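model_16.cif follows (mmCIF, C-alpha atoms):
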data_data
#
loop_
_atom_site.label_atom_id
_atom_site.label_comp_id
_atom_site.auth_asym_id
_atom_site.auth_seq_id
_atom_site.Cartn_x
_atom_site.Cartn_y
_atom_site.Cartn_z
CA MET A 1 113.04 21.55 -0.09
CA ARG A 2 110.66 18.81 1.05
CA HIS A 3 109.76 18.42 4.69
CA GLY A 4 108.99 15.23 6.61
CA ARG A 5 110.83 11.99 7.19
CA HIS A 6 110.23 10.67 3.66
CA PRO A 7 109.58 12.36 0.34
CA PRO A 8 106.02 11.66 -0.84
CA ALA A 9 107.19 9.39 -3.67
CA SER A 10 109.26 7.30 -1.25
CA SER A 11 106.32 7.01 1.14
CA ARG A 12 103.97 5.97 -1.66
CA ASP A 13 106.43 3.33 -2.82
CA ALA A 14 106.77 1.98 0.72
CA ARG A 15 102.98 1.82 1.10
CA ARG A 16 102.71 -0.16 -2.13
CA ARG A 17 105.47 -2.54 -1.02
CA VAL A 18 103.86 -3.15 2.36
CA ALA A 19 100.40 -3.58 0.81
CA ALA A 20 101.76 -6.11 -1.70
CA ALA A 21 103.61 -8.05 1.02
CA ALA A 22 100.49 -8.05 3.21
CA ALA A 23 98.40 -9.30 0.29
CA LEU A 24 100.85 -12.16 -0.25
CA LEU A 25 100.73 -13.03 3.45
CA ILE A 26 96.94 -13.04 3.41
CA SER A 27 96.82 -15.17 0.28
CA ASP A 28 99.41 -17.69 1.45
CA SER A 29 98.35 -18.08 5.07
CA GLY A 30 94.63 -17.29 5.08
CA LEU A 31 95.19 -14.51 7.63
CA ARG A 32 92.15 -12.21 7.47
CA ASP A 33 93.17 -9.51 9.90
CA TYR A 34 94.37 -6.87 7.46
CA ARG A 35 96.01 -4.72 10.11
CA LEU A 36 97.93 -7.66 11.54
CA ALA A 37 99.00 -8.69 8.04
CA ARG A 38 100.14 -5.12 7.38
CA ASP A 39 102.17 -4.96 10.59
CA LYS A 40 103.84 -8.33 9.92
CA ALA A 41 104.64 -7.32 6.34
CA ALA A 42 106.06 -3.96 7.44
CA ALA A 43 108.23 -5.65 10.09
CA ARG A 44 109.62 -8.09 7.52
CA LEU A 45 110.44 -5.21 5.19
CA GLY A 46 111.93 -3.11 7.98
CA ILE A 47 109.43 -0.31 7.42
CA HIS A 48 108.18 1.39 10.58
CA ASP A 49 107.25 4.92 9.57
CA LEU A 50 103.48 5.32 10.05
CA ALA A 51 103.24 7.40 6.87
CA SER A 52 104.55 4.39 4.95
CA LEU A 53 101.90 1.97 6.20
CA PRO A 54 98.94 1.35 3.87
CA ASP A 55 95.36 1.51 5.08
CA THR A 56 93.01 -1.45 4.83
CA GLN A 57 91.53 -0.28 1.54
CA GLU A 58 95.00 -0.25 -0.03
CA ILE A 59 95.65 -3.76 1.28
CA GLU A 60 92.35 -5.04 -0.11
CA ALA A 61 93.14 -3.47 -3.48
CA ALA A 62 96.56 -5.15 -3.43
CA LEU A 63 94.94 -8.47 -2.51
CA ARG A 64 92.50 -8.21 -5.41
CA GLU A 65 95.36 -7.37 -7.77
CA HIS A 66 97.40 -10.31 -6.45
CA GLN A 67 94.46 -12.65 -7.01
CA ARG A 68 93.90 -11.23 -10.50
CA LEU A 69 97.55 -11.70 -11.48
CA PHE A 70 98.31 -15.00 -9.77
CA GLY A 71 94.95 -16.59 -8.94
CA GLY A 72 93.51 -16.68 -12.44
CA ASP A 73 90.99 -19.40 -13.15
CA ARG A 74 91.83 -21.17 -9.90
CA HIS A 75 90.66 -18.21 -7.84
CA ALA A 76 87.49 -17.88 -9.93
CA ARG A 77 86.69 -21.57 -9.47
CA THR A 78 87.38 -21.43 -5.73
CA LEU A 79 85.16 -18.38 -5.30
CA ALA A 80 82.38 -19.97 -7.37
CA ARG A 81 82.57 -23.15 -5.25
CA LEU A 82 82.45 -21.24 -1.98
CA ARG A 83 79.53 -19.12 -3.16
CA ALA A 84 77.68 -22.31 -4.15
CA VAL A 85 78.23 -23.62 -0.60
CA ALA A 86 77.06 -20.25 0.74
CA ARG A 87 73.83 -20.45 -1.27
CA GLU A 88 73.06 -23.87 0.22
CA ALA A 89 73.85 -22.61 3.72
CA LEU A 90 71.57 -19.60 3.27
CA ARG A 91 68.78 -21.92 2.15
CA PHE A 92 69.43 -24.26 5.08
CA PHE A 93 69.13 -21.44 7.63
CA ALA A 94 66.31 -19.65 5.81
CA GLU A 95 64.09 -19.43 8.91
CA HIS A 96 66.71 -17.42 10.79
CA GLU A 97 67.21 -14.41 8.50
CA PRO A 98 70.67 -15.48 7.30
CA ARG A 99 73.09 -13.00 5.74
CA LEU A 100 76.35 -13.83 4.00
CA VAL A 101 79.31 -11.68 5.10
CA GLY A 102 83.05 -11.65 4.64
CA ALA A 103 85.47 -12.72 1.95
CA VAL A 104 83.11 -15.05 0.08
CA LEU A 105 80.76 -12.12 -0.43
CA ASP A 106 83.33 -9.44 -1.26
CA GLY A 107 85.20 -11.73 -3.68
CA THR A 108 88.56 -11.97 -1.91
CA ALA A 109 88.01 -15.52 -0.64
CA ASP A 110 90.55 -18.24 -1.29
CA GLU A 111 90.99 -21.90 -0.40
CA HIS A 112 91.61 -20.94 3.24
CA SER A 113 88.34 -19.02 3.60
CA ALA A 114 85.28 -20.03 5.59
CA VAL A 115 81.73 -19.27 4.51
CA CYS A 116 80.66 -16.70 7.12
CA LEU A 117 77.02 -16.14 7.97
CA HIS A 118 75.13 -13.96 10.40
CA LEU A 119 71.85 -15.41 11.65
CA TYR A 120 69.27 -13.16 13.28
CA THR A 121 67.14 -14.99 15.81
CA ASP A 122 65.83 -14.63 19.33
CA HIS A 123 65.85 -18.43 19.70
CA PRO A 124 69.44 -19.63 19.28
CA LEU A 125 68.52 -23.07 20.61
CA ASP A 126 66.41 -23.53 17.46
CA VAL A 127 69.59 -23.22 15.41
CA MET A 128 71.32 -25.84 17.54
CA THR A 129 68.30 -28.12 17.18
CA LEU A 130 68.32 -27.69 13.41
CA LEU A 131 71.95 -28.73 13.23
CA ALA A 132 71.40 -31.67 15.56
CA GLU A 133 68.41 -32.90 13.54
CA HIS A 134 70.64 -33.06 10.48
CA GLY A 135 73.46 -34.78 12.32
CA ILE A 136 75.77 -31.79 12.04
CA ALA A 137 78.35 -31.51 14.81
CA CYS A 138 79.58 -28.02 15.57
CA THR A 139 81.94 -26.25 17.91
CA GLU A 140 80.72 -23.36 20.04
CA SER A 141 82.62 -20.22 20.99
CA ALA A 142 82.06 -16.46 20.96
CA ARG A 143 82.84 -13.56 18.67
CA ARG A 144 83.03 -9.89 19.57
CA LEU A 145 81.52 -7.52 17.03
CA ARG A 146 81.47 -3.74 17.04
CA LEU A 147 77.93 -2.42 16.80
CA ASP A 148 79.11 1.15 16.39
CA ARG A 149 82.24 3.14 17.16
CA ALA A 150 81.50 3.16 20.88
CA HIS A 151 79.91 -0.23 21.56
CA SER A 152 80.81 -3.86 21.02
CA ARG A 153 79.24 -7.13 22.19
CA GLU A 154 80.00 -10.81 22.21
CA PHE A 155 77.77 -13.18 20.28
CA ALA A 156 77.57 -16.94 20.03
CA LEU A 157 79.66 -18.46 17.25
CA LEU A 158 79.09 -21.90 15.73
CA ARG A 159 81.52 -23.58 13.36
CA PHE A 160 81.07 -26.78 11.41
CA ALA A 161 82.34 -28.34 8.19
CA VAL A 162 80.55 -29.24 4.99
CA ASP A 163 82.89 -31.50 3.01
CA ASP A 164 86.12 -29.45 3.01
CA THR A 165 84.51 -26.07 3.68
CA THR A 166 84.16 -24.45 7.10
CA ILE A 167 80.86 -22.76 7.84
CA ASP A 168 81.17 -19.95 10.38
CA VAL A 169 77.84 -18.85 11.89
CA THR A 170 77.42 -15.90 14.26
CA LEU A 171 74.09 -15.69 16.11
CA LEU A 172 72.70 -12.19 16.64
CA PRO A 173 69.38 -11.08 18.14
CA TYR A 174 66.63 -10.27 15.69
CA ASP A 175 66.48 -6.60 16.70
CA LEU A 176 69.96 -6.08 15.18
CA LEU A 177 68.85 -7.16 11.71
CA ARG A 178 68.63 -3.55 10.51
CA GLN A 179 71.98 -2.59 12.06
CA ALA A 180 74.97 -4.25 10.41
CA PRO A 181 78.02 -4.57 12.69
CA LEU A 182 81.08 -2.57 11.73
CA ASP A 183 83.62 -4.14 9.41
CA ARG A 184 86.87 -4.46 11.34
CA THR A 185 88.91 -3.50 8.27
CA ASN A 186 87.33 -0.11 7.59
CA ASP A 187 84.93 0.76 10.46
CA ARG A 188 82.00 0.92 8.03
CA PRO A 189 78.85 -1.22 8.28
CA MET A 190 79.55 -4.74 7.06
CA GLN A 191 78.49 -5.69 3.58
CA ARG A 192 75.76 -8.34 3.90
CA ALA A 193 73.79 -10.36 1.37
CA THR A 194 70.56 -12.32 1.42
CA LEU A 195 70.17 -15.41 -0.75
CA ALA A 196 68.50 -13.36 -3.49
CA MET A 197 71.34 -10.81 -3.45
CA LEU A 198 73.97 -13.57 -3.64
CA GLU A 199 72.18 -15.24 -6.54
CA ARG A 200 72.17 -11.96 -8.47
CA LEU A 201 75.85 -11.44 -7.69
CA THR A 202 76.66 -14.96 -8.84
CA ALA A 203 74.72 -14.54 -12.07
CA GLU A 204 76.59 -11.29 -12.82
CA ALA A 205 79.95 -12.96 -12.17
CA GLU A 206 79.35 -16.06 -14.33
CA PRO A 207 80.35 -14.55 -17.69
CA ALA A 208 83.65 -13.33 -16.22
CA ALA A 209 84.38 -16.72 -14.66
CA SER A 210 83.55 -18.72 -17.77
#
Here is a file; write its structure as structure tokens.
Amino acid sequence: MRHGRHPPASSRDARRRVAAAAALLISDSGLRDYRLARDKAAARLGIHDLASLPDTQEIEAALREHQRLFGGDRHARTLARLRAVAREALRFFAEHEPRLVGAVLDGTADEHSAVCLHLYTDHPLDVMTLLAEHGIACTESARRLRLDRAHSREFALLRFAVDDTTIDVTLLPYDLLRQAPLDRTNDRPMQRATLAMLERLTAEAEPAAS
């Protein structure tokens, strides 16, 4: 006799259903908070047992599978376009130790996604001046990032558009260059890429996209 509220097979099936529904929600709406997407998907499905809720890695795997099955060439073209924009943005901010982060880097980006950069500088006004000199209007706000499991801080956030693509730039002090903030989806250090790393990644992906 099995113990627990659900047999293991039933729980696994529920996790897959919630992960697939969350992936669809992320793909359709551009929502990038995996936990929020999971909770909304579970509520729609009427699933509330914690053992039946997928973790963020399961949701990301479901999202990749959804994009593979339904995105096809369109997803590959969108990702290639966004990575091309990211390369230009990394070149533009070259003096400020730029790093690409987020969905454009990890390959789950879609038409809703922004190109997200971290800049490392002790002179944030220089970044504002650079944008102003090129006639680029931006909005200013703040973003809270977790530096480790016990500490978080707010950092300046700049957003502007290049054609139809949003560029999302977080300004961090130079002394944090060696310490990637924690990824909110898995509590591990964020994946980051320099221009050279992105160019290698793009070159590796070209045969698959062609």
So that I can check the surroundings of Leu182 (chain A), please list as an mmCIF file with C-alpha atoms, in the frame of the given file every protein, DNA and RNA residue that reaches within 10 Å of it, counting all atoms listed in the file and ignoring chain neighbours fewer than 6 positions away.
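Result file is selection_26.cif:
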data_model
loop_
_atom_site.group_PDB
_atom_site.id
_atom_site.type_symbol
_atom_site.label_atom_id
_atom_site.label_comp_id
_atom_site.auth_asym_id
_atom_site.auth_seq_id
_atom_site.Cartn_x
_atom_site.Cartn_y
_atom_site.Cartn_z
ATOM 1 C CA LEU A 145 81.520 -7.520 17.030
ATOM 2 C CA ARG A 146 81.470 -3.740 17.040
ATOM 3 C CA LEU A 147 77.930 -2.420 16.800
ATOM 4 C CA ASP A 148 79.110 1.150 16.390
ATOM 5 C CA ARG A 149 82.240 3.140 17.160
ATOM 6 C CA SER A 152 80.810 -3.860 21.020
ATOM 7 C CA ARG A 188 82.000 0.920 8.030
ATOM 8 C CA PRO A 189 78.850 -1.220 8.280
ATOM 9 C CA MET A 190 79.550 -4.740 7.060
ATOM 10 C CA GLN A 191 78.490 -5.690 3.580
#
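Restricting the calculation to all atoms listed in the file, the smallest distance between Asp122 (chain A) and any of A:Arg143, A:Arg35, A:His96, A:Arg74 is found for A:His96.
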Could you jot down the CA of Leu158 (chain A) to CA of Ser141 (chain A) separation for me, Å, one decimal place?
6.6 Å
Please identify all polymer residues within 12 Å of Pro54 (chain A), counting all atoms listed in the file, omitting same-chain residues fewer than 2 positions from it, and present them as a ChimeraX atom specification.
/A:11-23,34-39,41-42,47-52,56-62,185
Generate a file of the selected residues that holds C-alpha atoms, formatted as a compact mmCIF listing (two decimals), in the frame of the given file.
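Heads up, here's the output in result.txt:
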# COMPACT_ATOMS: atom_id res chain seq x y z
CA SER A 11 106.32 7.01 1.14
CA ARG A 12 103.97 5.97 -1.66
CA ASP A 13 106.43 3.33 -2.82
CA ALA A 14 106.77 1.98 0.72
CA ARG A 15 102.98 1.82 1.10
CA ARG A 16 102.71 -0.16 -2.13
CA ARG A 17 105.47 -2.54 -1.02
CA VAL A 18 103.86 -3.15 2.36
CA ALA A 19 100.40 -3.58 0.81
CA ALA A 20 101.76 -6.11 -1.70
CA ALA A 21 103.61 -8.05 1.02
CA ALA A 22 100.49 -8.05 3.21
CA ALA A 23 98.40 -9.30 0.29
CA TYR A 34 94.37 -6.87 7.46
CA ARG A 35 96.01 -4.72 10.11
CA LEU A 36 97.93 -7.66 11.54
CA ALA A 37 99.00 -8.69 8.04
CA ARG A 38 100.14 -5.12 7.38
CA ASP A 39 102.17 -4.96 10.59
CA ALA A 41 104.64 -7.32 6.34
CA ALA A 42 106.06 -3.96 7.44
CA ILE A 47 109.43 -0.31 7.42
CA HIS A 48 108.18 1.39 10.58
CA ASP A 49 107.25 4.92 9.57
CA LEU A 50 103.48 5.32 10.05
CA ALA A 51 103.24 7.40 6.87
CA SER A 52 104.55 4.39 4.95
CA THR A 56 93.01 -1.45 4.83
CA GLN A 57 91.53 -0.28 1.54
CA GLU A 58 95.00 -0.25 -0.03
CA ILE A 59 95.65 -3.76 1.28
CA GLU A 60 92.35 -5.04 -0.11
CA ALA A 61 93.14 -3.47 -3.48
CA ALA A 62 96.56 -5.15 -3.43
CA THR A 185 88.91 -3.50 8.27
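One distance worth recording is that between CA of Glu88 (chain A) and CA of Leu195 (chain A), which is 9.0 Å.
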Work out how far CA of Arg87 (chain A) is from CA of Thr202 (chain A), in Å to one decimal.
9.8 Å
Care to translate the PyMOL selection byres ((chain A and resi 174) around 7) into actual residues of this file, as number ranges by chain?
A: 120-122, 172-173, 175-177
Given the file shown, enumerate the residues that the PyMOL selection byres ((chain A and resi 165) around 10) captures and present them as a PyMOL selection string.
chain A and resi 81-82+85-86+111-115+160-164+166-168
Please evaluate the PyMOL selection byres ((chain A and resi 101) around 9) against the displayed coordinates and give the resulting residues as a ChimeraX atom specification.
/A:99-100,102-106,115-118,190-193
What box, with edges along x, y and z, holds each listed atom of region 172-178 of chain A when 3 Å is added on every side, and can you state its centre and edge lengths in Å to one decimal, as lines of an AutoDock Vina configuration file?
center_x = 69.6
center_y = -7.9
center_z = 14.3
size_x = 12.2
size_y = 14.6
size_z = 13.6
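The smallest atom-to-atom distance between Arg91 (chain A) and any of A:Ala196, A:Ala205, A:Ala132, A:Leu45, using only C-alpha atoms, is found for A:Ala196.
For the choices A:Pro124, A:Glu65, A:Ala180, A:Glu204, the atom-to-atom distance to Thr108 (chain A) is smallest for A:Glu65 when using only C-alpha atoms.
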Counting only C-alpha atoms, the option among A:Thr78, A:Ser29, A:Thr170, A:Thr139 closest to Glu154 (chain A)
A:Thr170
Hey, could you patch up region 97-110 of chain A with N, CA, C and O atoms and hand it over as a PDB file, in the coordinates of the input?
ATOM      1  N   GLU A  97      66.755 -15.653   9.131  1.00  0.00           N
ATOM      2  CA  GLU A  97      67.210 -14.410   8.500  1.00  0.00           C
ATOM      3  C   GLU A  97      68.719 -14.404   8.240  1.00  0.00           C
ATOM      4  O   GLU A  97      69.449 -13.509   8.670  1.00  0.00           O
ATOM      5  N   PRO A  98      69.217 -15.395   7.505  1.00  0.00           N
ATOM      6  CA  PRO A  98      70.670 -15.480   7.300  1.00  0.00           C
ATOM      7  C   PRO A  98      71.175 -14.393   6.355  1.00  0.00           C
ATOM      8  O   PRO A  98      70.494 -13.982   5.412  1.00  0.00           O
ATOM      9  N   ARG A  99      72.405 -13.958   6.615  1.00  0.00           N
ATOM     10  CA  ARG A  99      73.090 -13.000   5.740  1.00  0.00           C
ATOM     11  C   ARG A  99      74.520 -13.500   5.540  1.00  0.00           C
ATOM     12  O   ARG A  99      75.202 -13.862   6.496  1.00  0.00           O
ATOM     13  N   LEU A 100      74.963 -13.492   4.298  1.00  0.00           N
ATOM     14  CA  LEU A 100      76.350 -13.830   4.000  1.00  0.00           C
ATOM     15  C   LEU A 100      77.210 -12.588   4.224  1.00  0.00           C
ATOM     16  O   LEU A 100      76.846 -11.481   3.823  1.00  0.00           O
ATOM     17  N   VAL A 101      78.359 -12.776   4.867  1.00  0.00           N
ATOM     18  CA  VAL A 101      79.310 -11.680   5.100  1.00  0.00           C
ATOM     19  C   VAL A 101      80.712 -12.182   4.769  1.00  0.00           C
ATOM     20  O   VAL A 101      80.936 -13.371   4.561  1.00  0.00           O
ATOM     21  N   GLY A 102      81.657 -11.262   4.727  1.00  0.00           N
ATOM     22  CA  GLY A 102      83.050 -11.650   4.640  1.00  0.00           C
ATOM     23  C   GLY A 102      83.583 -11.861   3.241  1.00  0.00           C
ATOM     24  O   GLY A 102      83.037 -11.392   2.243  1.00  0.00           O
ATOM     25  N   ALA A 103      84.684 -12.606   3.174  1.00  0.00           N
ATOM     26  CA  ALA A 103      85.470 -12.720   1.950  1.00  0.00           C
ATOM     27  C   ALA A 103      84.730 -13.416   0.816  1.00  0.00           C
ATOM     28  O   ALA A 103      84.958 -13.106  -0.359  1.00  0.00           O
ATOM     29  N   VAL A 104      83.860 -14.366   1.141  1.00  0.00           N
ATOM     30  CA  VAL A 104      83.110 -15.050   0.080  1.00  0.00           C
ATOM     31  C   VAL A 104      82.157 -14.071  -0.604  1.00  0.00           C
ATOM     32  O   VAL A 104      81.937 -14.144  -1.810  1.00  0.00           O
ATOM     33  N   LEU A 105      81.635 -13.139   0.150  1.00  0.00           N
ATOM     34  CA  LEU A 105      80.760 -12.120  -0.430  1.00  0.00           C
ATOM     35  C   LEU A 105      81.549 -11.071  -1.192  1.00  0.00           C
ATOM     36  O   LEU A 105      81.195 -10.721  -2.330  1.00  0.00           O
ATOM     37  N   ASP A 106      82.636 -10.554  -0.605  1.00  0.00           N
ATOM     38  CA  ASP A 106      83.330  -9.440  -1.260  1.00  0.00           C
ATOM     39  C   ASP A 106      84.260  -9.890  -2.387  1.00  0.00           C
ATOM     40  O   ASP A 106      84.821  -9.060  -3.118  1.00  0.00           O
ATOM     41  N   GLY A 107      84.449 -11.214  -2.544  1.00  0.00           N
ATOM     42  CA  GLY A 107      85.200 -11.730  -3.680  1.00  0.00           C
ATOM     43  C   GLY A 107      86.670 -11.962  -3.434  1.00  0.00           C
ATOM     44  O   GLY A 107      87.389 -12.362  -4.350  1.00  0.00           O
ATOM     45  N   THR A 108      87.144 -11.757  -2.203  1.00  0.00           N
ATOM     46  CA  THR A 108      88.560 -11.970  -1.910  1.00  0.00           C
ATOM     47  C   THR A 108      88.829 -13.344  -1.284  1.00  0.00           C
ATOM     48  O   THR A 108      89.944 -13.606  -0.831  1.00  0.00           O
ATOM     49  N   ALA A 109      87.847 -14.210  -1.261  1.00  0.00           N
ATOM     50  CA  ALA A 109      88.010 -15.520  -0.640  1.00  0.00           C
ATOM     51  C   ALA A 109      89.011 -16.370  -1.407  1.00  0.00           C
ATOM     52  O   ALA A 109      89.178 -16.228  -2.620  1.00  0.00           O
ATOM     53  N   ASP A 110      89.656 -17.274  -0.674  1.00  0.00           N
ATOM     54  CA  ASP A 110      90.550 -18.240  -1.290  1.00  0.00           C
ATOM     55  C   ASP A 110      90.315 -19.593  -0.638  1.00  0.00           C
ATOM     56  O   ASP A 110      89.351 -19.780   0.112  1.00  0.00           O
TER      57      ASP A 110
END
